[in-house]
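K.L.:
I am sharing final-v4.cif, which consists of mmCIF, N, CA and C atoms:
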data_upload
#
loop_
_atom_site.label_atom_id
_atom_site.label_comp_id
_atom_site.auth_asym_id
_atom_site.auth_seq_id
_atom_site.Cartn_x
_atom_site.Cartn_y
_atom_site.Cartn_z
N MET X 477 -9.70 -76.02 -68.44
CA MET X 477 -9.84 -74.58 -68.52
C MET X 477 -11.31 -74.16 -68.40
N TRP X 478 -12.19 -74.89 -69.11
CA TRP X 478 -13.62 -74.55 -69.03
C TRP X 478 -14.16 -74.75 -67.62
N THR X 479 -13.61 -75.69 -66.91
CA THR X 479 -14.05 -75.94 -65.54
C THR X 479 -13.79 -74.73 -64.66
N VAL X 480 -12.66 -74.09 -64.84
CA VAL X 480 -12.31 -72.91 -64.05
C VAL X 480 -13.23 -71.75 -64.41
N ILE X 481 -13.46 -71.54 -65.69
CA ILE X 481 -14.32 -70.44 -66.14
C ILE X 481 -15.74 -70.63 -65.63
N ILE X 482 -16.27 -71.83 -65.76
CA ILE X 482 -17.63 -72.11 -65.29
C ILE X 482 -17.72 -71.97 -63.78
N SER X 483 -16.68 -72.37 -63.06
CA SER X 483 -16.67 -72.23 -61.60
C SER X 483 -16.69 -70.76 -61.18
N ILE X 484 -15.93 -69.93 -61.85
CA ILE X 484 -15.89 -68.50 -61.53
C ILE X 484 -17.24 -67.85 -61.85
N ILE X 485 -17.81 -68.17 -62.99
CA ILE X 485 -19.12 -67.62 -63.36
C ILE X 485 -20.18 -68.06 -62.36
N THR X 486 -20.15 -69.31 -61.96
CA THR X 486 -21.12 -69.82 -60.98
C THR X 486 -20.96 -69.11 -59.64
N LEU X 487 -19.74 -68.87 -59.23
CA LEU X 487 -19.48 -68.16 -57.98
C LEU X 487 -20.05 -66.74 -58.04
N ILE X 488 -19.82 -66.05 -59.13
CA ILE X 488 -20.32 -64.67 -59.28
C ILE X 488 -21.85 -64.65 -59.29
N VAL X 489 -22.47 -65.53 -60.06
CA VAL X 489 -23.93 -65.59 -60.12
C VAL X 489 -24.51 -65.94 -58.75
N GLY X 490 -23.89 -66.86 -58.04
CA GLY X 490 -24.36 -67.22 -56.70
C GLY X 490 -24.24 -66.07 -55.71
N ALA X 491 -23.15 -65.32 -55.79
CA ALA X 491 -22.97 -64.18 -54.89
C ALA X 491 -24.00 -63.09 -55.16
N VAL X 492 -24.23 -62.79 -56.43
CA VAL X 492 -25.22 -61.77 -56.78
C VAL X 492 -26.62 -62.23 -56.39
N GLY X 493 -26.94 -63.48 -56.67
CA GLY X 493 -28.25 -64.01 -56.29
C GLY X 493 -28.45 -64.01 -54.79
N GLY X 494 -27.42 -64.37 -54.05
CA GLY X 494 -27.49 -64.37 -52.59
C GLY X 494 -27.67 -62.98 -52.02
N PHE X 495 -27.01 -62.00 -52.63
CA PHE X 495 -27.15 -60.63 -52.19
C PHE X 495 -28.60 -60.15 -52.35
N PHE X 496 -29.17 -60.38 -53.52
CA PHE X 496 -30.53 -59.92 -53.76
C PHE X 496 -31.55 -60.68 -52.91
N ALA X 497 -31.30 -61.96 -52.67
CA ALA X 497 -32.18 -62.72 -51.78
C ALA X 497 -32.10 -62.17 -50.36
N GLY X 498 -30.91 -61.81 -49.91
CA GLY X 498 -30.73 -61.24 -48.58
C GLY X 498 -31.42 -59.89 -48.43
N VAL X 499 -31.32 -59.05 -49.46
CA VAL X 499 -31.99 -57.75 -49.43
C VAL X 499 -33.50 -57.93 -49.37
N TYR X 500 -34.02 -58.86 -50.16
CA TYR X 500 -35.46 -59.13 -50.17
C TYR X 500 -35.93 -59.60 -48.79
N TYR X 501 -35.17 -60.52 -48.19
CA TYR X 501 -35.51 -61.06 -46.87
C TYR X 501 -35.48 -59.96 -45.81
N LEU X 502 -34.45 -59.12 -45.85
CA LEU X 502 -34.33 -58.04 -44.87
C LEU X 502 -35.48 -57.06 -44.99
N ARG X 503 -35.88 -56.71 -46.21
CA ARG X 503 -37.02 -55.80 -46.40
C ARG X 503 -38.30 -56.40 -45.84
N LYS X 504 -38.51 -57.67 -46.09
CA LYS X 504 -39.72 -58.33 -45.57
C LYS X 504 -39.72 -58.33 -44.05
N GLN X 505 -38.56 -58.57 -43.44
CA GLN X 505 -38.47 -58.56 -41.98
C GLN X 505 -38.76 -57.17 -41.42
N LEU X 506 -38.25 -56.13 -42.07
CA LEU X 506 -38.49 -54.76 -41.61
C LEU X 506 -39.96 -54.38 -41.75
N GLU X 507 -40.59 -54.83 -42.84
CA GLU X 507 -42.02 -54.55 -43.02
C GLU X 507 -42.84 -55.27 -41.95
N LYS X 508 -42.46 -56.49 -41.61
CA LYS X 508 -43.16 -57.24 -40.56
C LYS X 508 -42.99 -56.55 -39.21
N MET X 509 -41.80 -56.03 -38.98
CA MET X 509 -41.50 -55.39 -37.71
C MET X 509 -42.33 -54.12 -37.50
N GLN X 510 -42.70 -53.46 -38.58
CA GLN X 510 -43.52 -52.26 -38.46
C GLN X 510 -44.86 -52.56 -37.82
N ASN X 511 -45.40 -53.73 -38.10
CA ASN X 511 -46.74 -54.08 -37.63
C ASN X 511 -46.73 -54.90 -36.35
N ASP X 512 -45.58 -55.35 -35.92
CA ASP X 512 -45.50 -56.22 -34.75
C ASP X 512 -44.59 -55.60 -33.69
N PRO X 513 -45.17 -54.92 -32.70
CA PRO X 513 -44.33 -54.26 -31.69
C PRO X 513 -43.50 -55.24 -30.86
N GLU X 514 -43.98 -56.46 -30.69
CA GLU X 514 -43.22 -57.45 -29.93
C GLU X 514 -41.92 -57.81 -30.65
N MET X 515 -41.98 -57.91 -31.97
CA MET X 515 -40.78 -58.22 -32.74
C MET X 515 -39.77 -57.08 -32.65
N LEU X 516 -40.28 -55.86 -32.68
CA LEU X 516 -39.40 -54.68 -32.55
C LEU X 516 -38.77 -54.64 -31.17
N LYS X 517 -39.56 -54.95 -30.16
CA LYS X 517 -39.05 -54.96 -28.78
C LYS X 517 -37.98 -56.04 -28.61
N LYS X 518 -38.21 -57.20 -29.22
CA LYS X 518 -37.25 -58.30 -29.13
C LYS X 518 -35.93 -57.92 -29.79
N MET X 519 -36.01 -57.27 -30.96
CA MET X 519 -34.80 -56.85 -31.65
C MET X 519 -34.03 -55.82 -30.82
N ALA X 520 -34.74 -54.88 -30.22
CA ALA X 520 -34.09 -53.85 -29.40
C ALA X 520 -33.41 -54.49 -28.20
N LYS X 521 -34.06 -55.47 -27.59
CA LYS X 521 -33.48 -56.15 -26.43
C LYS X 521 -32.22 -56.92 -26.83
N GLN X 522 -32.22 -57.53 -28.02
CA GLN X 522 -31.03 -58.24 -28.49
C GLN X 522 -29.86 -57.28 -28.71
N MET X 523 -30.19 -56.04 -29.06
CA MET X 523 -29.15 -55.04 -29.28
C MET X 523 -28.73 -54.36 -27.97
N GLY X 524 -29.38 -54.71 -26.87
CA GLY X 524 -28.99 -54.17 -25.58
C GLY X 524 -29.79 -52.95 -25.14
N TYR X 525 -30.91 -52.68 -25.79
CA TYR X 525 -31.76 -51.55 -25.43
C TYR X 525 -33.02 -52.04 -24.76
N ASN X 526 -33.45 -51.35 -23.71
CA ASN X 526 -34.75 -51.57 -23.11
C ASN X 526 -35.62 -50.39 -23.48
N MET X 527 -36.69 -50.63 -24.20
CA MET X 527 -37.54 -49.54 -24.68
C MET X 527 -38.85 -49.53 -23.90
N ASN X 528 -39.25 -48.34 -23.44
CA ASN X 528 -40.56 -48.23 -22.82
C ASN X 528 -41.60 -48.01 -23.92
N ASN X 529 -42.88 -47.90 -23.53
CA ASN X 529 -43.95 -47.81 -24.53
C ASN X 529 -43.83 -46.57 -25.40
N GLN X 530 -43.42 -45.45 -24.82
CA GLN X 530 -43.30 -44.22 -25.60
C GLN X 530 -42.20 -44.36 -26.66
N GLN X 531 -41.07 -44.93 -26.25
CA GLN X 531 -39.97 -45.13 -27.20
C GLN X 531 -40.37 -46.12 -28.29
N MET X 532 -41.14 -47.14 -27.90
CA MET X 532 -41.60 -48.14 -28.85
C MET X 532 -42.50 -47.50 -29.90
N GLN X 533 -43.43 -46.65 -29.47
CA GLN X 533 -44.33 -45.99 -30.41
C GLN X 533 -43.56 -45.07 -31.34
N LYS X 534 -42.55 -44.38 -30.81
CA LYS X 534 -41.76 -43.48 -31.63
C LYS X 534 -40.96 -44.27 -32.68
N ALA X 535 -40.41 -45.40 -32.27
CA ALA X 535 -39.65 -46.24 -33.20
C ALA X 535 -40.55 -46.79 -34.30
N GLN X 536 -41.76 -47.22 -33.93
CA GLN X 536 -42.71 -47.72 -34.93
C GLN X 536 -43.10 -46.62 -35.90
N GLN X 537 -43.32 -45.42 -35.38
CA GLN X 537 -43.70 -44.29 -36.25
C GLN X 537 -42.57 -43.96 -37.22
N MET X 538 -41.34 -44.00 -36.73
CA MET X 538 -40.19 -43.73 -37.60
C MET X 538 -40.09 -44.78 -38.70
N MET X 539 -40.34 -46.04 -38.35
CA MET X 539 -40.27 -47.10 -39.35
C MET X 539 -41.40 -46.99 -40.36
N LYS X 540 -42.57 -46.57 -39.92
CA LYS X 540 -43.69 -46.42 -40.86
C LYS X 540 -43.44 -45.26 -41.82
N ASN X 541 -42.74 -44.22 -41.35
CA ASN X 541 -42.44 -43.08 -42.21
C ASN X 541 -41.38 -43.45 -43.25
N GLN X 542 -40.51 -44.40 -42.91
CA GLN X 542 -39.48 -44.85 -43.84
C GLN X 542 -40.10 -45.79 -44.85
N GLN X 543 -39.85 -45.57 -46.12
CA GLN X 543 -40.39 -46.43 -47.16
C GLN X 543 -39.34 -47.47 -47.53
N PHE X 544 -39.73 -48.75 -47.54
CA PHE X 544 -38.82 -49.82 -47.92
C PHE X 544 -39.18 -50.28 -49.33
N THR X 545 -39.07 -49.37 -50.27
CA THR X 545 -39.36 -49.69 -51.65
C THR X 545 -38.13 -49.44 -52.49
N LYS X 546 -38.13 -49.96 -53.71
CA LYS X 546 -36.98 -49.80 -54.59
C LYS X 546 -36.77 -48.33 -54.91
N GLY X 547 -35.51 -47.92 -54.93
CA GLY X 547 -35.16 -46.57 -55.32
C GLY X 547 -35.31 -45.55 -54.22
N ASN X 548 -35.91 -45.91 -53.12
CA ASN X 548 -36.14 -44.94 -52.04
C ASN X 548 -35.25 -45.20 -50.84
N ASN X 549 -34.33 -46.12 -50.96
CA ASN X 549 -33.53 -46.48 -49.80
C ASN X 549 -32.10 -45.97 -49.90
N ARG X 550 -31.84 -45.06 -50.82
CA ARG X 550 -30.49 -44.52 -50.94
C ARG X 550 -30.35 -43.28 -50.06
N PRO X 551 -29.25 -43.18 -49.33
CA PRO X 551 -29.03 -41.95 -48.55
C PRO X 551 -28.83 -40.78 -49.49
N GLY X 552 -29.50 -39.70 -49.20
CA GLY X 552 -29.38 -38.50 -50.01
C GLY X 552 -30.18 -38.54 -51.28
N GLY X 553 -30.94 -39.62 -51.49
CA GLY X 553 -31.75 -39.74 -52.70
C GLY X 553 -33.00 -38.89 -52.63
N ARG X 554 -33.58 -38.64 -53.77
CA ARG X 554 -34.82 -37.86 -53.81
C ARG X 554 -35.98 -38.70 -53.33
N ARG X 555 -36.95 -38.03 -52.71
CA ARG X 555 -38.14 -38.73 -52.24
C ARG X 555 -39.36 -38.14 -52.87
#
Starting from the file, give its structure as structure tokens.
P.N.:
Amino acid sequence: MWTVIISIITLIVGAVGGFFAGVYYLRKQLEKMQNDPEMLKKMAKQMGYNMNNQQMQKAQQMMKNQQFTKGNNRPGGRR
């Protein structure tokens, strides 16, 4: 019985830990992308978009205006 309980608790802790690690990794990647236009261009190409220089600058500006900090990433949240 204890084996089942410990297994379920371990699964839950692992899922929560994995979620937060994934969020942290994604934020770091987005912050890196703000400063590296080649990385942004590569991502756009993988998604099927070809961006010219004007579109690239606009995308970078939009990303710089977006804050990737705690509490500021909720839709409809106060800024």
K.L.:
At what distance in Å, to one decimal, does CA of Gln505 in chain X lie from CA of Gln533 in chain X?
P.N.:
18.1 Å
K.L.:
What is the distance between CA of Arg503 in chain X and atom C of Gln542 in chain X, in Å to one decimal?
P.N.:
10.6 Å
K.L.:
Grab the CA of Lys504 in chain X to CA of Gln536 in chain X distance for me, in Å with one decimal place.
P.N.:
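Here the two named atoms are 15.3 Å from each other.
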K.L.:
If we count all atoms listed in the file and set the cut-off at 8 Å, which residues sit around Asn526 in chain X, ignoring sequence neighbours fewer than 6 positions away in its own chain? Please answer as an MDAnalysis selection string.
P.N.:
chainID X and resid 517 520 532
K.L.:
Based on DSSP run over this structure's backbone, return all residues of chain X in helix (DSSP H, G or I), as number ranges by chain.
P.N.:
X: 478-511, 513-522, 529-541
K.L.:
Atoms are missing here; could range 529-540 of chain X be completed with all heavy atoms and written as a PDB file, in the frame of the given file?
P.N.:
ATOM      1  N   ASN X 529     -42.880 -47.900 -23.530  1.00  0.00           N
ATOM      2  CA  ASN X 529     -43.950 -47.810 -24.530  1.00  0.00           C
ATOM      3  C   ASN X 529     -43.830 -46.570 -25.400  1.00  0.00           C
ATOM      4  O   ASN X 529     -44.096 -46.629 -26.606  1.00  0.00           O
ATOM      5  CB  ASN X 529     -45.321 -47.840 -23.847  1.00  0.00           C
ATOM      6  CG  ASN X 529     -45.644 -49.222 -23.319  1.00  0.00           C
ATOM      7  OD1 ASN X 529     -45.102 -50.205 -23.802  1.00  0.00           O
ATOM      8  ND2 ASN X 529     -46.518 -49.293 -22.338  1.00  0.00           N
ATOM      9  N   GLN X 530     -43.420 -45.450 -24.820  1.00  0.00           N
ATOM     10  CA  GLN X 530     -43.300 -44.220 -25.600  1.00  0.00           C
ATOM     11  C   GLN X 530     -42.200 -44.360 -26.660  1.00  0.00           C
ATOM     12  O   GLN X 530     -42.374 -43.968 -27.807  1.00  0.00           O
ATOM     13  CB  GLN X 530     -43.002 -43.050 -24.672  1.00  0.00           C
ATOM     14  CG  GLN X 530     -42.951 -41.713 -25.387  1.00  0.00           C
ATOM     15  CD  GLN X 530     -42.624 -40.572 -24.426  1.00  0.00           C
ATOM     16  OE1 GLN X 530     -42.248 -40.813 -23.286  1.00  0.00           O
ATOM     17  NE2 GLN X 530     -42.759 -39.356 -24.899  1.00  0.00           N
ATOM     18  N   GLN X 531     -41.070 -44.930 -26.250  1.00  0.00           N
ATOM     19  CA  GLN X 531     -39.970 -45.130 -27.200  1.00  0.00           C
ATOM     20  C   GLN X 531     -40.370 -46.120 -28.290  1.00  0.00           C
ATOM     21  O   GLN X 531     -40.000 -45.973 -29.444  1.00  0.00           O
ATOM     22  CB  GLN X 531     -38.738 -45.636 -26.459  1.00  0.00           C
ATOM     23  CG  GLN X 531     -38.105 -44.602 -25.557  1.00  0.00           C
ATOM     24  CD  GLN X 531     -37.047 -45.211 -24.657  1.00  0.00           C
ATOM     25  OE1 GLN X 531     -37.150 -46.369 -24.254  1.00  0.00           O
ATOM     26  NE2 GLN X 531     -36.027 -44.420 -24.335  1.00  0.00           N
ATOM     27  N   MET X 532     -41.140 -47.140 -27.900  1.00  0.00           N
ATOM     28  CA  MET X 532     -41.600 -48.140 -28.850  1.00  0.00           C
ATOM     29  C   MET X 532     -42.500 -47.500 -29.900  1.00  0.00           C
ATOM     30  O   MET X 532     -42.368 -47.768 -31.101  1.00  0.00           O
ATOM     31  CB  MET X 532     -42.344 -49.258 -28.121  1.00  0.00           C
ATOM     32  CG  MET X 532     -42.763 -50.385 -29.004  1.00  0.00           C
ATOM     33  SD  MET X 532     -41.386 -51.308 -29.656  1.00  0.00           S
ATOM     34  CE  MET X 532     -40.699 -51.943 -28.159  1.00  0.00           C
ATOM     35  N   GLN X 533     -43.430 -46.650 -29.470  1.00  0.00           N
ATOM     36  CA  GLN X 533     -44.330 -45.990 -30.410  1.00  0.00           C
ATOM     37  C   GLN X 533     -43.560 -45.070 -31.340  1.00  0.00           C
ATOM     38  O   GLN X 533     -43.840 -44.999 -32.539  1.00  0.00           O
ATOM     39  CB  GLN X 533     -45.398 -45.209 -29.651  1.00  0.00           C
ATOM     40  CG  GLN X 533     -46.420 -46.095 -28.977  1.00  0.00           C
ATOM     41  CD  GLN X 533     -47.393 -45.309 -28.107  1.00  0.00           C
ATOM     42  OE1 GLN X 533     -47.230 -44.113 -27.910  1.00  0.00           O
ATOM     43  NE2 GLN X 533     -48.382 -46.005 -27.569  1.00  0.00           N
ATOM     44  N   LYS X 534     -42.550 -44.380 -30.810  1.00  0.00           N
ATOM     45  CA  LYS X 534     -41.760 -43.480 -31.630  1.00  0.00           C
ATOM     46  C   LYS X 534     -40.960 -44.270 -32.680  1.00  0.00           C
ATOM     47  O   LYS X 534     -40.864 -43.872 -33.835  1.00  0.00           O
ATOM     48  CB  LYS X 534     -40.821 -42.662 -30.755  1.00  0.00           C
ATOM     49  CG  LYS X 534     -40.119 -41.565 -31.496  1.00  0.00           C
ATOM     50  CD  LYS X 534     -39.373 -40.652 -30.549  1.00  0.00           C
ATOM     51  CE  LYS X 534     -38.788 -39.489 -31.341  1.00  0.00           C
ATOM     52  NZ  LYS X 534     -38.151 -38.514 -30.474  1.00  0.00           N
ATOM     53  N   ALA X 535     -40.410 -45.400 -32.270  1.00  0.00           N
ATOM     54  CA  ALA X 535     -39.650 -46.240 -33.200  1.00  0.00           C
ATOM     55  C   ALA X 535     -40.550 -46.790 -34.300  1.00  0.00           C
ATOM     56  O   ALA X 535     -40.180 -46.807 -35.474  1.00  0.00           O
ATOM     57  CB  ALA X 535     -38.976 -47.382 -32.444  1.00  0.00           C
ATOM     58  N   GLN X 536     -41.760 -47.220 -33.930  1.00  0.00           N
ATOM     59  CA  GLN X 536     -42.710 -47.720 -34.930  1.00  0.00           C
ATOM     60  C   GLN X 536     -43.100 -46.620 -35.900  1.00  0.00           C
ATOM     61  O   GLN X 536     -43.206 -46.850 -37.106  1.00  0.00           O
ATOM     62  CB  GLN X 536     -43.951 -48.283 -34.263  1.00  0.00           C
ATOM     63  CG  GLN X 536     -43.787 -49.692 -33.776  1.00  0.00           C
ATOM     64  CD  GLN X 536     -45.095 -50.242 -33.276  1.00  0.00           C
ATOM     65  OE1 GLN X 536     -45.688 -49.717 -32.344  1.00  0.00           O
ATOM     66  NE2 GLN X 536     -45.535 -51.304 -33.896  1.00  0.00           N
ATOM     67  N   GLN X 537     -43.320 -45.420 -35.380  1.00  0.00           N
ATOM     68  CA  GLN X 537     -43.700 -44.290 -36.250  1.00  0.00           C
ATOM     69  C   GLN X 537     -42.570 -43.960 -37.220  1.00  0.00           C
ATOM     70  O   GLN X 537     -42.817 -43.709 -38.394  1.00  0.00           O
ATOM     71  CB  GLN X 537     -44.045 -43.061 -35.391  1.00  0.00           C
ATOM     72  CG  GLN X 537     -44.617 -41.923 -36.186  1.00  0.00           C
ATOM     73  CD  GLN X 537     -45.944 -42.294 -36.820  1.00  0.00           C
ATOM     74  OE1 GLN X 537     -46.742 -43.030 -36.257  1.00  0.00           O
ATOM     75  NE2 GLN X 537     -46.186 -41.792 -38.002  1.00  0.00           N
ATOM     76  N   MET X 538     -41.340 -44.000 -36.730  1.00  0.00           N
ATOM     77  CA  MET X 538     -40.190 -43.730 -37.600  1.00  0.00           C
ATOM     78  C   MET X 538     -40.090 -44.780 -38.700  1.00  0.00           C
ATOM     79  O   MET X 538     -39.806 -44.461 -39.855  1.00  0.00           O
ATOM     80  CB  MET X 538     -38.900 -43.694 -36.787  1.00  0.00           C
ATOM     81  CG  MET X 538     -38.712 -42.431 -35.987  1.00  0.00           C
ATOM     82  SD  MET X 538     -37.284 -42.453 -34.865  1.00  0.00           S
ATOM     83  CE  MET X 538     -36.008 -43.144 -35.855  1.00  0.00           C
ATOM     84  N   MET X 539     -40.340 -46.040 -38.350  1.00  0.00           N
ATOM     85  CA  MET X 539     -40.270 -47.100 -39.350  1.00  0.00           C
ATOM     86  C   MET X 539     -41.400 -46.990 -40.360  1.00  0.00           C
ATOM     87  O   MET X 539     -41.219 -47.285 -41.537  1.00  0.00           O
ATOM     88  CB  MET X 539     -40.295 -48.467 -38.670  1.00  0.00           C
ATOM     89  CG  MET X 539     -39.006 -48.778 -37.944  1.00  0.00           C
ATOM     90  SD  MET X 539     -39.004 -50.399 -37.220  1.00  0.00           S
ATOM     91  CE  MET X 539     -38.771 -51.387 -38.678  1.00  0.00           C
ATOM     92  N   LYS X 540     -42.570 -46.570 -39.920  1.00  0.00           N
ATOM     93  CA  LYS X 540     -43.690 -46.420 -40.860  1.00  0.00           C
ATOM     94  C   LYS X 540     -43.440 -45.260 -41.820  1.00  0.00           C
ATOM     95  O   LYS X 540     -43.878 -45.302 -42.963  1.00  0.00           O
ATOM     96  CB  LYS X 540     -45.001 -46.212 -40.103  1.00  0.00           C
ATOM     97  CG  LYS X 540     -45.506 -47.493 -39.493  1.00  0.00           C
ATOM     98  CD  LYS X 540     -46.821 -47.313 -38.793  1.00  0.00           C
ATOM     99  CE  LYS X 540     -47.228 -48.638 -38.171  1.00  0.00           C
ATOM    100  NZ  LYS X 540     -48.473 -48.541 -37.437  1.00  0.00           N
TER     101      LYS X 540
END
